[in-house]
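Data from entry_7.pdb: PDB, C-alpha atoms and all ligand atoms
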```
ATOM      1  CA  MET A 263       0.000   0.000   0.000
ATOM      2  CA  GLU A 264       0.975   3.561  -0.543
ATOM      3  CA  LEU A 265       1.705   6.292   1.964
ATOM      4  CA  LYS A 266       3.444   9.595   1.424
ATOM      5  CA  ALA A 267       5.317  11.061   4.326
ATOM      6  CA  ILE A 268       7.176  14.271   4.806
ATOM      7  CA  ILE A 269      10.723  13.479   5.763
ATOM      8  CA  VAL A 270      13.824  15.358   6.642
ATOM      9  CA  ILE A 271      17.114  13.702   5.847
ATOM     10  CA  LEU A 272      20.439  14.675   7.275
ATOM     11  CA  LEU A 273      23.220  14.016   4.833
ATOM     12  CA  LEU A 274      26.751  14.220   6.162
ATOM     13  CA  LYS A 275      29.295  14.534   3.390
ATOM     14  CA  ASN A 276      32.876  15.876   3.435
ATOM     15  CA  ASN A 277      32.210  17.385   6.855
ATOM     16  CA  CYS A 278      29.575  19.517   5.261
ATOM     17  CA  GLN A 279      26.075  19.119   6.577
ATOM     18  CA  ILE A 280      23.315  19.349   4.050
ATOM     19  CA  ILE A 281      19.750  19.365   5.172
ATOM     20  CA  LEU A 282      17.420  18.100   2.539
ATOM     21  CA  ALA A 283      13.716  18.442   2.989
ATOM     22  CA  SER A 284      11.699  16.310   0.635
ATOM     23  CA  THR A 285       8.371  14.624   0.170
ATOM     24  CA  GLY A 286      10.125  11.277   0.143
ATOM     25  CA  ILE A 287      13.141   9.276  -0.962
ATOM     26  CA  HIS A 288      12.494   8.086  -4.472
ATOM     27  CA  TRP A 289      11.565   4.436  -4.854
ATOM     28  CA  SER A 290      10.044   2.235  -7.534
ATOM     29  CA  TYR A 291       9.551  -1.366  -8.601
ATOM     30  CA  GLY A 292      12.536  -1.219 -10.976
ATOM     31  CA  ASP A 293      16.128  -2.345 -10.528
ATOM     32  CA  ASN A 294      17.786   0.781  -9.170
ATOM     33  CA  ASP A 295      15.463   1.627  -6.293
ATOM     34  CA  GLY A 296      13.111  -1.351  -6.328
ATOM     35  CA  PRO A 297      12.070  -3.721  -3.520
ATOM     36  CA  GLU A 298      15.537  -5.287  -3.195
ATOM     37  CA  LYS A 299      16.942  -1.830  -2.376
ATOM     38  CA  TRP A 300      14.200  -0.692   0.009
ATOM     39  CA  PRO A 301      15.865  -2.179   3.128
ATOM     40  CA  GLU A 302      18.920  -0.001   2.359
ATOM     41  CA  LEU A 303      16.921   3.090   1.431
ATOM     42  CA  PHE A 304      14.527   2.757   4.395
ATOM     43  CA  PRO A 305      16.574   0.752   6.903
ATOM     44  CA  ASN A 306      14.470   1.285   9.990
ATOM     45  CA  MET A 307      11.275   0.126   8.374
ATOM     46  CA  CYS A 308      11.667  -1.967   5.229
ATOM     47  CA  ALA A 309      14.380  -4.052   6.935
ATOM     48  CA  GLY A 310      11.994  -5.065   9.735
ATOM     49  CA  VAL A 311      11.070  -8.587  10.782
ATOM     50  CA  LYS A 312       7.279  -8.322  10.412
ATOM     51  CA  GLN A 313       7.083  -7.267   6.792
ATOM     52  CA  SER A 314       4.446  -7.779   4.125
ATOM     53  CA  PRO A 315       3.395  -9.281   1.824
ATOM     54  CA  ILE A 316       3.836 -12.962   2.718
ATOM     55  CA  ASP A 317       3.139 -16.332   1.210
ATOM     56  CA  ILE A 318       0.136 -17.927   2.919
ATOM     57  CA  GLN A 319       0.219 -21.683   3.279
ATOM     58  CA  PRO A 320      -3.336 -22.550   4.358
ATOM     59  CA  PHE A 321      -2.235 -25.917   5.749
ATOM     60  CA  ASP A 322      -0.032 -24.104   8.264
ATOM     61  CA  THR A 323      -2.663 -21.581   9.383
ATOM     62  CA  VAL A 324      -4.399 -21.803  12.768
ATOM     63  CA  TYR A 325      -8.168 -21.509  13.223
ATOM     64  CA  ASN A 326      -9.265 -18.639  15.480
ATOM     65  CA  LYS A 327     -12.957 -18.552  16.422
ATOM     66  CA  ARG A 328     -12.709 -14.824  17.239
ATOM     67  CA  LEU A 329     -12.260 -14.001  13.546
ATOM     68  CA  THR A 330     -15.929 -13.252  13.000
ATOM     69  CA  ASN A 331     -17.664 -11.584  10.063
ATOM     70  CA  PHE A 332     -16.775  -7.963   9.395
ATOM     71  CA  GLY A 333     -19.254  -5.193  10.041
ATOM     72  CA  PHE A 334     -19.394  -2.399   7.482
ATOM     73  CA  ASN A 335     -21.041   0.958   7.932
ATOM     74  CA  ASP A 336     -20.194   2.100   4.457
ATOM     75  CA  SER A 337     -23.291   3.130   2.542
ATOM     76  CA  PRO A 338     -22.704   6.066   0.217
ATOM     77  CA  GLU A 339     -24.314   9.199   1.622
ATOM     78  CA  GLU A 340     -24.584  12.779   0.501
ATOM     79  CA  GLY A 341     -21.109  14.301   0.465
ATOM     80  CA  THR A 342     -19.242  11.036  -0.031
ATOM     81  CA  LYS A 343     -16.804  10.934  -2.925
ATOM     82  CA  PHE A 344     -14.448   8.545  -4.704
ATOM     83  CA  ILE A 345     -11.475  10.314  -6.284
ATOM     84  CA  ALA A 346      -9.373   8.169  -8.621
ATOM     85  CA  HIS A 347      -5.767   9.023  -9.470
ATOM     86  CA  ASN A 348      -2.487   7.580 -10.694
ATOM     87  CA  ASN A 349       0.002   8.051  -7.869
ATOM     88  CA  GLY A 350       2.991   6.870  -9.909
ATOM     89  CA  HIS A 351       3.054   3.497  -8.123
ATOM     90  CA  SER A 352      -0.567   2.398  -8.435
ATOM     91  CA  ILE A 353      -4.079   3.333  -9.440
ATOM     92  CA  GLN A 354      -5.614   4.624  -6.215
ATOM     93  CA  VAL A 355      -9.094   5.753  -5.226
ATOM     94  CA  ASP A 356      -9.325   8.068  -2.224
ATOM     95  CA  THR A 357     -12.601   7.822  -0.331
ATOM     96  CA  GLU A 358     -14.205  10.874   1.213
ATOM     97  CA  GLY A 359     -16.875  10.121   3.780
ATOM     98  CA  LYS A 360     -17.295   7.956   6.838
ATOM     99  CA  PHE A 361     -16.810   4.465   5.507
ATOM    100  CA  LEU A 362     -16.338   2.357   8.628
ATOM    101  CA  LEU A 363     -15.105  -1.167   9.229
ATOM    102  CA  GLU A 364     -15.376  -3.137  12.484
ATOM    103  CA  TYR A 365     -15.510  -6.653  14.021
ATOM    104  CA  GLY A 366     -13.734  -9.351  12.027
ATOM    105  CA  GLY A 367     -11.451  -9.881  15.022
ATOM    106  CA  LEU A 368     -10.441  -6.197  15.023
ATOM    107  CA  HIS A 369     -10.282  -4.569  18.433
ATOM    108  CA  TYR A 370     -11.198  -1.106  17.153
ATOM    109  CA  LYS A 371     -13.235   0.697  14.517
ATOM    110  CA  TYR A 372     -11.383   1.568  11.344
ATOM    111  CA  ARG A 373     -12.182   4.180   8.733
ATOM    112  CA  ILE A 374     -11.553   3.357   5.077
ATOM    113  CA  SER A 375      -9.436   6.068   3.475
ATOM    114  CA  GLN A 376      -8.468   4.622   0.092
ATOM    115  CA  PHE A 377      -8.162   1.546  -2.050
ATOM    116  CA  HIS A 378      -5.610   0.708  -4.729
ATOM    117  CA  PHE A 379      -4.303  -2.174  -6.825
ATOM    118  CA  HIS A 380      -1.177  -4.204  -7.584
ATOM    119  CA  TRP A 381      -0.935  -6.070 -10.889
ATOM    120  CA  GLY A 382       1.433  -7.889 -13.244
ATOM    121  CA  ASN A 383       2.235  -7.857 -16.949
ATOM    122  CA  ALA A 384       1.044 -11.471 -17.213
ATOM    123  CA  ASN A 385      -1.667 -13.441 -15.458
ATOM    124  CA  GLU A 386       0.819 -15.531 -13.483
ATOM    125  CA  ILE A 387       2.107 -12.544 -11.495
ATOM    126  CA  GLY A 388       0.731  -9.376  -9.991
ATOM    127  CA  SER A 389      -0.575  -9.965  -6.484
ATOM    128  CA  GLU A 390       1.529  -9.193  -3.437
ATOM    129  CA  HIS A 391       0.254 -12.001  -1.231
ATOM    130  CA  THR A 392       0.588 -15.487  -2.635
ATOM    131  CA  ILE A 393      -1.231 -18.666  -1.629
ATOM    132  CA  ASN A 394       0.913 -21.808  -1.539
ATOM    133  CA  GLY A 395       3.478 -19.897  -3.564
ATOM    134  CA  THR A 396       1.024 -18.993  -6.322
ATOM    135  CA  ALA A 397       0.344 -15.377  -7.257
ATOM    136  CA  ALA A 398      -2.873 -13.898  -8.630
ATOM    137  CA  PRO A 399      -2.975 -11.463 -11.580
ATOM    138  CA  MET A 400      -4.140  -8.600  -9.356
ATOM    139  CA  GLU A 401      -4.629  -7.701  -5.704
ATOM    140  CA  MET A 402      -6.773  -4.915  -4.300
ATOM    141  CA  HIS A 403      -6.002  -3.276  -0.964
ATOM    142  CA  ILE A 404      -8.714  -1.495   0.997
ATOM    143  CA  VAL A 405      -6.858   0.653   3.522
ATOM    144  CA  SER A 406      -8.411   1.790   6.813
ATOM    145  CA  TRP A 407      -7.136   3.452   9.976
ATOM    146  CA  ASN A 408      -8.006   3.170  13.676
ATOM    147  CA  VAL A 409     -10.456   5.985  14.514
ATOM    148  CA  ASN A 410     -10.842   4.938  18.157
ATOM    149  CA  LYS A 411      -7.215   5.722  19.023
ATOM    150  CA  TYR A 412      -5.904   8.114  16.389
ATOM    151  CA  SER A 413      -6.971  11.346  14.766
ATOM    152  CA  SER A 414      -5.649  10.866  11.252
ATOM    153  CA  MET A 415      -4.360   8.306   8.782
ATOM    154  CA  ALA A 416      -0.889   9.843   9.048
ATOM    155  CA  GLU A 417      -0.856   9.447  12.832
ATOM    156  CA  ALA A 418      -2.199   5.894  12.702
ATOM    157  CA  ALA A 419       0.143   4.749   9.948
ATOM    158  CA  THR A 420       3.155   4.429  12.247
ATOM    159  CA  LYS A 421       1.360   2.689  15.151
ATOM    160  CA  SER A 422       1.270  -1.078  15.539
ATOM    161  CA  ASP A 423      -2.538  -1.067  15.840
ATOM    162  CA  GLY A 424      -2.949   1.840  13.445
ATOM    163  CA  LEU A 425      -4.074   0.285  10.177
ATOM    164  CA  ALA A 426      -6.282  -2.521   8.919
ATOM    165  CA  VAL A 427      -5.929  -3.496   5.275
ATOM    166  CA  LEU A 428      -8.196  -5.875   3.390
ATOM    167  CA  GLY A 429      -6.450  -7.785   0.612
ATOM    168  CA  ILE A 430      -8.553  -9.157  -2.225
ATOM    169  CA  LEU A 431      -7.009 -11.423  -4.844
ATOM    170  CA  TYR A 432      -8.436 -11.591  -8.361
ATOM    171  CA  ARG A 433      -8.730 -14.318 -10.975
ATOM    172  CA  VAL A 434      -9.345 -13.967 -14.696
ATOM    173  CA  SER A 435     -12.924 -14.485 -15.786
ATOM    174  CA  ASN A 436     -14.855 -14.169 -19.049
ATOM    175  CA  SER A 437     -17.308 -11.541 -17.884
ATOM    176  CA  ASN A 438     -16.379  -8.007 -16.925
ATOM    177  CA  ASN A 439     -16.340  -7.052 -13.270
ATOM    178  CA  GLN A 440     -19.108  -4.440 -13.440
ATOM    179  CA  LEU A 441     -18.148  -2.899 -10.115
ATOM    180  CA  LEU A 442     -14.631  -2.144 -11.387
ATOM    181  CA  GLU A 443     -15.800  -0.918 -14.776
ATOM    182  CA  PRO A 444     -16.331   2.776 -13.844
ATOM    183  CA  LEU A 445     -12.725   2.862 -12.610
ATOM    184  CA  VAL A 446     -11.396   0.957 -15.628
ATOM    185  CA  GLN A 447     -13.111   3.468 -17.921
ATOM    186  CA  VAL A 448     -11.246   6.420 -16.401
ATOM    187  CA  ILE A 449      -7.786   4.839 -16.012
ATOM    188  CA  PRO A 450      -6.540   6.360 -19.329
ATOM    189  CA  LYS A 451      -7.537   9.799 -18.006
ATOM    190  CA  LEU A 452      -5.832   9.608 -14.634
ATOM    191  CA  ASN A 453      -3.178  12.189 -15.342
ATOM    192  CA  ASN A 454      -5.738  14.244 -13.437
ATOM    193  CA  ASN A 455      -7.909  13.291 -10.482
ATOM    194  CA  VAL A 456     -11.222  11.908 -11.701
ATOM    195  CA  GLU A 457     -14.319  11.440  -9.605
ATOM    196  CA  ILE A 458     -16.038   8.071 -10.040
ATOM    197  CA  PRO A 459     -19.399   6.863  -8.702
ATOM    198  CA  VAL A 460     -19.407   5.996  -5.000
ATOM    199  CA  VAL A 461     -20.282   2.445  -3.972
ATOM    200  CA  SER A 462     -20.045   0.655  -0.649
ATOM    201  CA  PRO A 463     -16.422  -0.476  -0.281
ATOM    202  CA  SER A 464     -17.701  -3.796   1.084
ATOM    203  CA  ALA A 465     -19.142  -4.507  -2.377
ATOM    204  CA  PHE A 466     -15.588  -5.226  -3.566
ATOM    205  CA  LEU A 467     -15.270  -8.233  -1.262
ATOM    206  CA  PRO A 468     -15.338 -11.698  -2.851
ATOM    207  CA  ASN A 469     -17.903 -14.403  -2.196
ATOM    208  CA  SER A 470     -17.691 -15.989   1.268
ATOM    209  CA  PRO A 471     -16.146 -12.898   2.903
ATOM    210  CA  GLU A 472     -16.345 -14.731   6.235
ATOM    211  CA  LYS A 473     -13.388 -16.857   5.116
ATOM    212  CA  TYR A 474     -10.105 -15.036   5.493
ATOM    213  CA  TYR A 475      -6.522 -15.146   6.764
ATOM    214  CA  ARG A 476      -5.182 -12.820   9.420
ATOM    215  CA  TYR A 477      -1.682 -11.785  10.431
ATOM    216  CA  HIS A 478       0.217  -8.709  11.566
ATOM    217  CA  GLY A 479       2.558  -7.126   9.057
ATOM    218  CA  SER A 480       3.506  -3.947   7.289
ATOM    219  CA  LEU A 481       2.783  -1.531   4.514
ATOM    220  CA  THR A 482       4.084  -3.144   1.325
ATOM    221  CA  THR A 483       5.552   0.125   0.042
ATOM    222  CA  PRO A 484       8.062   2.427   1.695
ATOM    223  CA  ARG A 485       8.142   3.376   4.438
ATOM    224  CA  CYS A 486       7.054  -0.214   5.250
ATOM    225  CA  TYR A 487       5.698   0.631   8.735
ATOM    226  CA  GLU A 488       4.745  -2.493  10.709
ATOM    227  CA  SER A 489       1.355  -1.053  11.465
ATOM    228  CA  VAL A 490      -1.018  -3.285   9.525
ATOM    229  CA  THR A 491      -3.524  -5.850  10.732
ATOM    230  CA  TRP A 492      -3.836  -7.786   7.488
ATOM    231  CA  THR A 493      -6.879  -9.619   6.210
ATOM    232  CA  VAL A 494      -6.467 -11.640   3.020
ATOM    233  CA  PHE A 495      -9.679 -13.213   1.787
ATOM    234  CA  LYS A 496      -9.707 -16.887   0.847
ATOM    235  CA  GLU A 497     -11.962 -16.513  -2.183
ATOM    236  CA  ARG A 498     -11.190 -14.346  -5.196
ATOM    237  CA  GLN A 499     -12.876 -11.547  -7.047
ATOM    238  CA  THR A 500     -12.978 -11.696 -10.836
ATOM    239  CA  ILE A 501     -11.692  -9.479 -13.633
ATOM    240  CA  THR A 502     -11.431  -9.961 -17.397
ATOM    241  CA  GLU A 503      -8.202  -9.976 -19.335
ATOM    242  CA  SER A 504      -9.313  -6.829 -21.181
ATOM    243  CA  GLN A 505      -9.955  -4.993 -17.902
ATOM    244  CA  LEU A 506      -6.546  -6.126 -16.636
ATOM    245  CA  ASN A 507      -4.982  -4.845 -19.850
ATOM    246  CA  VAL A 508      -6.298  -1.354 -19.108
ATOM    247  CA  PHE A 509      -4.473  -1.402 -15.757
ATOM    248  CA  ARG A 510      -1.368  -2.634 -17.636
ATOM    249  CA  GLN A 511      -1.524   0.372 -19.981
ATOM    250  CA  THR A 512      -1.094   2.791 -17.067
ATOM    251  CA  LEU A 513       1.831   5.059 -17.872
ATOM    252  CA  VAL A 514       4.391   6.585 -15.580
ATOM    253  CA  SER A 515       7.515   8.570 -16.265
ATOM    254  CA  HIS A 516      10.522   6.335 -16.916
ATOM    255  CA  THR A 517      12.886   8.725 -15.179
ATOM    256  CA  THR A 518      10.904   9.610 -12.086
ATOM    257  CA  LYS A 519       8.279   6.844 -11.936
ATOM    258  CA  ALA A 520       6.591   9.151  -9.512
ATOM    259  CA  LYS A 521       4.595  11.447 -11.731
ATOM    260  CA  PRO A 522       1.518  10.233 -13.538
ATOM    261  CA  ILE A 523       1.659  11.131 -17.205
ATOM    262  CA  PRO A 524      -1.156  11.636 -19.707
ATOM    263  CA  HIS A 525      -2.213   8.701 -21.807
ATOM    264  CA  PRO A 526      -0.777   8.668 -25.384
ATOM    265  CA  ALA A 527      -4.287   8.524 -26.781
ATOM    266  CA  GLU A 528      -4.687  12.040 -25.466
ATOM    267  CA  GLY A 529      -2.021  13.392 -27.766
ATOM    268  CA  ILE A 530       1.174  12.987 -25.746
ATOM    269  CA  ASN A 531       4.034  11.064 -27.308
ATOM    270  CA  GLY A 532       5.404   8.087 -25.418
ATOM    271  CA  GLU A 533       8.941   9.367 -24.944
ATOM    272  CA  GLY A 534      10.288   8.742 -21.457
ATOM    273  CA  LEU A 535       7.201   6.843 -20.423
ATOM    274  CA  GLU A 536       6.731   3.252 -19.476
ATOM    275  CA  HIS A 537       3.878   1.024 -18.516
ATOM    276  CA  LEU A 538       3.299   0.591 -14.820
ATOM    277  CA  VAL A 539       3.216  -3.184 -14.368
ATOM    278  CA  ASN A 540       4.566  -5.621 -11.799
ATOM    279  CA  ASN A 541       4.000  -3.062  -9.055
ATOM    280  CA  PHE A 542       4.150  -5.672  -6.325
ATOM    281  CA  ARG A 543       6.667  -6.346  -3.579
ATOM    282  CA  PRO A 544       7.956  -9.944  -3.382
ATOM    283  CA  VAL A 545       6.882 -12.006  -0.375
ATOM    284  CA  GLN A 546       8.798 -11.450   2.849
ATOM    285  CA  PRO A 547       9.954 -13.936   5.513
ATOM    286  CA  LEU A 548       7.390 -14.927   8.152
ATOM    287  CA  ASN A 549      10.041 -14.881  10.876
ATOM    288  CA  GLY A 550       7.955 -17.065  13.172
ATOM    289  CA  ARG A 551       4.645 -15.303  12.688
ATOM    290  CA  VAL A 552       1.614 -17.588  12.805
ATOM    291  CA  ILE A 553      -1.132 -16.897  10.261
ATOM    292  CA  GLN A 554      -4.642 -17.359  11.575
ATOM    293  CA  ARG A 555      -7.732 -18.303   9.620
ATOM    294  CA  SER A 556     -11.383 -17.571  10.277
ATOM    295  CA  TYR A 557     -12.860 -20.855   9.094
ATOM    296  CA  LYS A 558     -12.721 -24.506  10.072
ATOM    297  CA  VAL A 559     -11.272 -26.841   7.468
TER     298      VAL A 559
HETATM  299 ZN    ZN A 601      -1.120  -2.098  -1.604
END
```

Represent the structure from my file as structure tokens, please.
Amino acid sequence: MELKAIIVILLLKNNCQIILASTGIHWSYGDNDGPEKWPELFPNMCAGVKQSPIDIQPFDTVYNKRLTNFGFNDSPEEGTKFIAHNNGHSIQVDTEGKFLLEYGGLHYKYRISQFHFHWGNANEIGSEHTINGTAAPMEMHIVSWNVNKYSSMAEAATKSDGLAVLGILYRVSNSNNQLLEPLVQVIPKLNNNVEIPVVSPSAFLPNSPEKYYRYHGSLTTPRCYESVTWTVFKERQTITESQLNVFRQTLVSHTTKAKPIPHPAEGINGEGLEHLVNNFRPVQPLNGRVIQRSYKV
């Protein structure tokens, strides 16, 4: 998942102190500053021992009867908005309005602030979490923060009980996912923010949403804070190959990979641009963590 943080870096070089204020150290999914380099670039966080994503081996999970159904208070009301944008690392939809999540073994109420996606350039890769070592072509993350203890997403994002993220894996199907279609339609226009119709975030859950895996981990993008109570659903949502291909046509700047760039169809040449694909972090070591499951085998 994606989080921007204001940082101040002290660089000591040749006895000369330079203070650099920035909106973030640059990172990407490429070779130079990709996932293999994050532990060096963000040593306090991305080098942690409770990182995400992970490979889930259902046979090794432990049943926990406290992992009940989720409760959603997330009906669209007047004043709620979905704002879609290309953040340079993903297609993200920011939610405005009180979309709340509770129960499901969570000890607090969480407010949904955004959702976004990770995908591959082929159907065999794309998801962050894997099941028995197998990836899905896409994974959606619905990101929420603890409103009982914290006053903002930014405050919650660094706390161990700060965030709850729902992970939904996809599989390729022959019929379009109608719920995703309004977003898919605007992806080529996401050099600007685009408002899309509001729906209940819970509508994105797969069938049998009572069946899920639970563990404690981290944000899967820098700064990799170990602040996430993860839920990964057992069943999958569906998407067609043609809808996936629209995600795969997302363009970002080759040099910065941080700025969303207009779609070529809108009259911009493709120089310096590349398709945003394979925007997933590889699975991280469990380091002794036990993954729980909500259902009896
Ligand atoms: Zn994510």

List all protein, DNA and RNA residues that have any atom at most 9 Å from ligand ZN 601 (chain A), counting only C-alpha atoms and all ligand atoms, and write the list as a PDB file with C-alpha atoms, in the coordinates of the input.
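Dumped everything to pocket10.pdb:
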```
ATOM      1  CA  MET A 263       0.000   0.000   0.000  1.00  0.00           C
ATOM      2  CA  GLU A 264       0.975   3.561  -0.543  1.00  0.00           C
ATOM      3  CA  SER A 352      -0.567   2.398  -8.435  1.00  0.00           C
ATOM      4  CA  PHE A 377      -8.162   1.546  -2.050  1.00  0.00           C
ATOM      5  CA  HIS A 378      -5.610   0.708  -4.729  1.00  0.00           C
ATOM      6  CA  PHE A 379      -4.303  -2.174  -6.825  1.00  0.00           C
ATOM      7  CA  HIS A 380      -1.177  -4.204  -7.584  1.00  0.00           C
ATOM      8  CA  GLU A 390       1.529  -9.193  -3.437  1.00  0.00           C
ATOM      9  CA  GLU A 401      -4.629  -7.701  -5.704  1.00  0.00           C
ATOM     10  CA  MET A 402      -6.773  -4.915  -4.300  1.00  0.00           C
ATOM     11  CA  HIS A 403      -6.002  -3.276  -0.964  1.00  0.00           C
ATOM     12  CA  ILE A 404      -8.714  -1.495   0.997  1.00  0.00           C
ATOM     13  CA  VAL A 405      -6.858   0.653   3.522  1.00  0.00           C
ATOM     14  CA  VAL A 427      -5.929  -3.496   5.275  1.00  0.00           C
ATOM     15  CA  GLY A 429      -6.450  -7.785   0.612  1.00  0.00           C
ATOM     16  CA  LEU A 481       2.783  -1.531   4.514  1.00  0.00           C
ATOM     17  CA  THR A 482       4.084  -3.144   1.325  1.00  0.00           C
ATOM     18  CA  THR A 483       5.552   0.125   0.042  1.00  0.00           C
ATOM     19  CA  PHE A 542       4.150  -5.672  -6.325  1.00  0.00           C
TER      20      PHE A 542
END
```

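When all atoms listed in the file are used to compute distances to Met307 in chain A, the closest of the residues A:Ile374, A:Cys486, A:Leu452, A:Val460 turns out to be A:Cys486.
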
I'd like a table as CSV: residues in range 421-525 of chain A with an atom no more than 12 Å from range 311-323 of chain A, each row giving the shortest atom pair and its distance in Å to one decimal, all atoms listed in the file counted, sorted by chain and rising residue number.
```
residue,atom,partner,partner_atom,distance
A:Ser422,CA,A:Lys312,CA,10.7
A:Val427,CA,A:Ser314,CA,11.3
A:Gly429,CA,A:Pro315,CA,10.0
A:Lys473,CA,A:Pro320,CA,11.6
A:Tyr474,CA,A:Pro320,CA,10.2
A:Tyr475,CA,A:Thr323,CA,7.9
A:Arg476,CA,A:Thr323,CA,9.1
A:Tyr477,CA,A:Ile316,CA,9.6
A:His478,CA,A:Lys312,CA,7.2
A:Gly479,CA,A:Lys312,CA,5.1
A:Ser480,CA,A:Gln313,CA,4.9
A:Leu481,CA,A:Ser314,CA,6.5
A:Thr482,CA,A:Ser314,CA,5.4
A:Thr483,CA,A:Ser314,CA,9.0
A:Pro484,CA,A:Gln313,CA,11.0
A:Arg485,CA,A:Gln313,CA,11.0
A:Cys486,CA,A:Gln313,CA,7.2
A:Tyr487,CA,A:Gln313,CA,8.3
A:Glu488,CA,A:Lys312,CA,6.4
A:Ser489,CA,A:Lys312,CA,9.4
A:Val490,CA,A:Ser314,CA,8.9
A:Thr491,CA,A:Ser314,CA,10.5
A:Trp492,CA,A:Ser314,CA,8.9
A:Thr493,CA,A:Pro315,CA,11.2
A:Val494,CA,A:Ile318,CA,9.1
A:Phe495,CA,A:Ile318,CA,10.9
A:Lys496,CA,A:Pro320,CA,9.2
```

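Proximity ranking of A:Gln546, A:Asn469, A:Gln511, A:Thr357 relative to Pro338 in chain A places A:Thr357 first, based on all atoms listed in the file.
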
**Message:** For a quick check of understanding, using all atoms listed in the file, which of A:Asn453, A:Gln499, A:Ser556, A:Asn335 has the smallest distance to Pro468 in chain A?
**Reply:** A:Gln499

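Note on the selection: in this file the PyMOL selection byres (((chain A and resi 386) around 12) and not hetatm) comes out as Trp381, Gly382, Asn383, Ala384, Asn385, Ile387, Gly388, Ser389, Glu390, Thr392, Gly395, Thr396, Ala397, Ala398, Pro399, Met400, Tyr432, Arg433, Val434 and Asn540 of chain A.
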
**Between CA of Glu339 in chain A and CA of Ser414 in chain A - distance in Å to one decimal** =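 Taking CA of Ser414 in chain A as the start and CA of Glu339 in chain A as the end point, the length is 21.1 Å.
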
Non-local contacts of range 359-366 of chain A (10 Å; all atoms listed in the file; under 5 positions in same chain excluded) as a PDB file with C-alpha atoms, in the coordinates of the input:
```pdb
ATOM      1  CA  ARG A 328     -12.709 -14.824  17.239  1.00  0.00           C
ATOM      2  CA  LEU A 329     -12.260 -14.001  13.546  1.00  0.00           C
ATOM      3  CA  THR A 330     -15.929 -13.252  13.000  1.00  0.00           C
ATOM      4  CA  ASN A 331     -17.664 -11.584  10.063  1.00  0.00           C
ATOM      5  CA  PHE A 332     -16.775  -7.963   9.395  1.00  0.00           C
ATOM      6  CA  GLY A 333     -19.254  -5.193  10.041  1.00  0.00           C
ATOM      7  CA  PHE A 334     -19.394  -2.399   7.482  1.00  0.00           C
ATOM      8  CA  ASN A 335     -21.041   0.958   7.932  1.00  0.00           C
ATOM      9  CA  ASP A 336     -20.194   2.100   4.457  1.00  0.00           C
ATOM     10  CA  SER A 337     -23.291   3.130   2.542  1.00  0.00           C
ATOM     11  CA  PRO A 338     -22.704   6.066   0.217  1.00  0.00           C
ATOM     12  CA  GLU A 339     -24.314   9.199   1.622  1.00  0.00           C
ATOM     13  CA  GLU A 340     -24.584  12.779   0.501  1.00  0.00           C
ATOM     14  CA  GLY A 341     -21.109  14.301   0.465  1.00  0.00           C
ATOM     15  CA  THR A 342     -19.242  11.036  -0.031  1.00  0.00           C
ATOM     16  CA  LYS A 343     -16.804  10.934  -2.925  1.00  0.00           C
ATOM     17  CA  PHE A 344     -14.448   8.545  -4.704  1.00  0.00           C
ATOM     18  CA  LYS A 371     -13.235   0.697  14.517  1.00  0.00           C
ATOM     19  CA  TYR A 372     -11.383   1.568  11.344  1.00  0.00           C
ATOM     20  CA  ARG A 373     -12.182   4.180   8.733  1.00  0.00           C
ATOM     21  CA  ILE A 374     -11.553   3.357   5.077  1.00  0.00           C
ATOM     22  CA  SER A 375      -9.436   6.068   3.475  1.00  0.00           C
ATOM     23  CA  GLN A 376      -8.468   4.622   0.092  1.00  0.00           C
ATOM     24  CA  SER A 406      -8.411   1.790   6.813  1.00  0.00           C
ATOM     25  CA  TRP A 407      -7.136   3.452   9.976  1.00  0.00           C
ATOM     26  CA  ASN A 408      -8.006   3.170  13.676  1.00  0.00           C
ATOM     27  CA  VAL A 409     -10.456   5.985  14.514  1.00  0.00           C
ATOM     28  CA  ALA A 426      -6.282  -2.521   8.919  1.00  0.00           C
ATOM     29  CA  SER A 462     -20.045   0.655  -0.649  1.00  0.00           C
ATOM     30  CA  PRO A 463     -16.422  -0.476  -0.281  1.00  0.00           C
ATOM     31  CA  SER A 464     -17.701  -3.796   1.084  1.00  0.00           C
ATOM     32  CA  GLU A 472     -16.345 -14.731   6.235  1.00  0.00           C
ATOM     33  CA  TYR A 474     -10.105 -15.036   5.493  1.00  0.00           C
ATOM     34  CA  ARG A 476      -5.182 -12.820   9.420  1.00  0.00           C
ATOM     35  CA  THR A 493      -6.879  -9.619   6.210  1.00  0.00           C
ATOM     36  CA  SER A 556     -11.383 -17.571  10.277  1.00  0.00           C
TER      37      SER A 556
END
```

**Prompt:** Closest to Gln354 in chain A among A:Ser413, A:Thr512, A:Glu503, A:Val545, using only C-alpha atoms?
**Reply:** A:Thr512

**Request:** Between CA of Asn306 in chain A and CA of Leu425 in chain A, measure the distance and give it in Å to one decimal.
**Result:**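 Separating CA of Asn306 in chain A from CA of Leu425 in chain A is a distance of 18.6 Å.
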